[in-house]
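A.B. asks: Let me give you the structure first, and then I'll get to my questions.
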Amino acid sequence: MAIIYSKFYSLKPEKQERIINAALKEFAQNGYEKASTNEIIKEAEISKGSLFNYFNSKKELYLFLLDYVAKVIEQIYAEVDWNEPDFFERIRQLGLVKFKVYKQFPYAFNLLKALTHEDAAEVKPIINKLSKDLISSGLERGYQNIDWTKFREDFDREKVINIINWTMLSF
C-alpha cells in the first residue's frame, strides 16, 4: 500500500500525523457516512485539493486509516513479551505500549471502538474482517503460556478473561 500512498508518505511526519489524527477523529466521532472531509482538512490545516492528492476518495482515506490502525495494533503486539508467563506483567506491558501509541494517535482507539457501530454497507465487510482478525490475533496471543498459578484455584478463569478483554478493548 505504500506505493499507492507515496505522495502522502513523502510528507513530513508532523504533517502526516496531523492528517491522520484529524481523519481518525472525524471518522471516530461521526462514522464513515457522516464524516466530513471539510472537517478533516480544517483540523489538519490543509487544502481539500491536497487531501485528495494524497487519497483519491473519502473511502480510500478511510481504508488507509483502517490499515494504519491495524499496523498500530500490530506494533503494540510486537512490543509485548509474549513469552512472559506472568499474566499481570503481560497486561502491564500491553497497557504501557497502548498508552504510548495513544499519546501519538489519540483517536486510533476511538476509531476501533466506533467500528463496532459502523453500518455503512460500503465498508462494513472490510470492517468485519479487520475487527475479527485483530481481536482474535490479540486474544489468541494474550492468554498463551500464562502461568495461572498466581490465581486462586476457585477463580472463574473465563470470567476474569472476559472482564480483562472488555477493559482492554474499551480503552
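Just remember, in the C-alpha cells the first chain shown is A, the second B, etc., residues are 1-based per chain, and ligands are 1-based in the order shown.
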Might you pull out every residue within 7 Å of stretch 132-148 of chain A, with only C-alpha atoms counted and same-chain residues fewer than 6 positions away left off, and present them as a ChimeraX atom specification?
C.D. replies: /A:82-83,85-87
A.B. asks: So that I have them on file, write out the residues from the current selection with N, CA and C atoms, as a PDB file, in the first residue's frame.
C.D. replies:
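So out.pdb came out as:
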ATOM      1  N   TRP A  82       5.558 -11.817  24.656  1.00  0.00           N
ATOM      2  CA  TRP A  82       4.522 -12.848  24.723  1.00  0.00           C
ATOM      3  C   TRP A  82       5.005 -14.111  25.427  1.00  0.00           C
ATOM      4  N   ASN A  83       6.291 -14.175  25.724  1.00  0.00           N
ATOM      5  CA  ASN A  83       6.827 -15.312  26.473  1.00  0.00           C
ATOM      6  C   ASN A  83       6.750 -15.080  27.977  1.00  0.00           C
ATOM      7  N   PRO A  85       5.345 -15.256  31.324  1.00  0.00           N
ATOM      8  CA  PRO A  85       4.268 -16.101  31.853  1.00  0.00           C
ATOM      9  C   PRO A  85       3.390 -15.408  32.899  1.00  0.00           C
ATOM     10  N   ASP A  86       3.875 -14.294  33.437  1.00  0.00           N
ATOM     11  CA  ASP A  86       3.118 -13.578  34.471  1.00  0.00           C
ATOM     12  C   ASP A  86       2.005 -12.767  33.807  1.00  0.00           C
ATOM     13  N   PHE A  87       0.783 -13.161  34.062  1.00  0.00           N
ATOM     14  CA  PHE A  87      -0.390 -12.528  33.470  1.00  0.00           C
ATOM     15  C   PHE A  87      -0.410 -11.023  33.724  1.00  0.00           C
TER      16      PHE A  87
END
A.B. asks: For the structure I just gave you, how does DSSP split stretch 12-157 of chain A - specifically, which residues are helix (DSSP H, G or I)? Reply as JSON, numbers by chain.
C.D. replies: {"A": [13, 14, 15, 16, 17, 18, 19, 20, 21, 22, 23, 24, 25, 26, 27, 28, 29, 30, 31, 32, 33, 34, 37, 38, 39, 40, 41, 42, 43, 44, 48, 49, 50, 51, 52, 53, 54, 58, 59, 60, 61, 62, 63, 64, 65, 66, 67, 68, 69, 70, 71, 72, 73, 74, 75, 76, 77, 78, 87, 88, 89, 90, 91, 92, 93, 94, 95, 96, 97, 98, 99, 100, 101, 102, 103, 104, 108, 109, 110, 111, 112, 113, 114, 115, 124, 125, 126, 127, 128, 129, 130, 131, 132, 133, 134, 135, 136, 137, 138, 139, 140, 141, 142, 148, 149, 150, 157]}
A.B. asks: At a cut-off of 7 Å, using only C-alpha atoms, what residues contact stretch 51-66 of chain A? Leave out same-chain residues fewer than 5 positions from it and give the result as a list in words.
C.D. replies: Tyr5, Lys7 and Phe8 of chain A
A.B. asks: What is the atom CA of A:Leu24 to atom CA of A:Ser50 distance in Å?
C.D. replies: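 Computing the Euclidean distance for atom CA of A:Leu24 and atom CA of A:Ser50 yields 17.3 Å.
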A.B. asks: Any idea what the distance is between atom CA of A:Lys25 and atom CA of A:Ala78?
C.D. replies: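 So the answer is 25.0 Å.
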A.B. asks: If you count only C-alpha atoms, which residues fall within 10 Å of A:Ile76, apart from same-chain ones fewer than 5 positions away, as JSON, numbers by chain?
C.D. replies: {"A": [70, 71, 93, 94, 95, 96, 97, 98, 99, 100, 101, 138]}
A.B. asks: Write out, as an mmCIF file, in the first residue's frame, the residues just selected, with C-alpha atoms.
C.D. replies:
data_model
loop_
_atom_site.group_PDB
_atom_site.id
_atom_site.type_symbol
_atom_site.label_atom_id
_atom_site.label_comp_id
_atom_site.auth_asym_id
_atom_site.auth_seq_id
_atom_site.Cartn_x
_atom_site.Cartn_y
_atom_site.Cartn_z
ATOM 1 C CA ALA A 70 -4.199 -2.359 12.097
ATOM 2 C CA LYS A 71 -0.469 -1.643 11.783
ATOM 3 C CA GLN A 93 3.197 -4.272 29.161
ATOM 4 C CA LEU A 94 0.128 -4.085 26.924
ATOM 5 C CA GLY A 95 -1.173 -1.089 28.827
ATOM 6 C CA LEU A 96 2.140 0.784 28.637
ATOM 7 C CA VAL A 97 2.551 0.223 24.915
ATOM 8 C CA LYS A 98 -1.082 1.113 24.295
ATOM 9 C CA PHE A 99 -0.637 4.343 26.262
ATOM 10 C CA LYS A 100 2.464 5.236 24.234
ATOM 11 C CA VAL A 101 0.518 4.763 20.995
ATOM 12 C CA GLY A 138 -4.649 -10.340 20.155
#
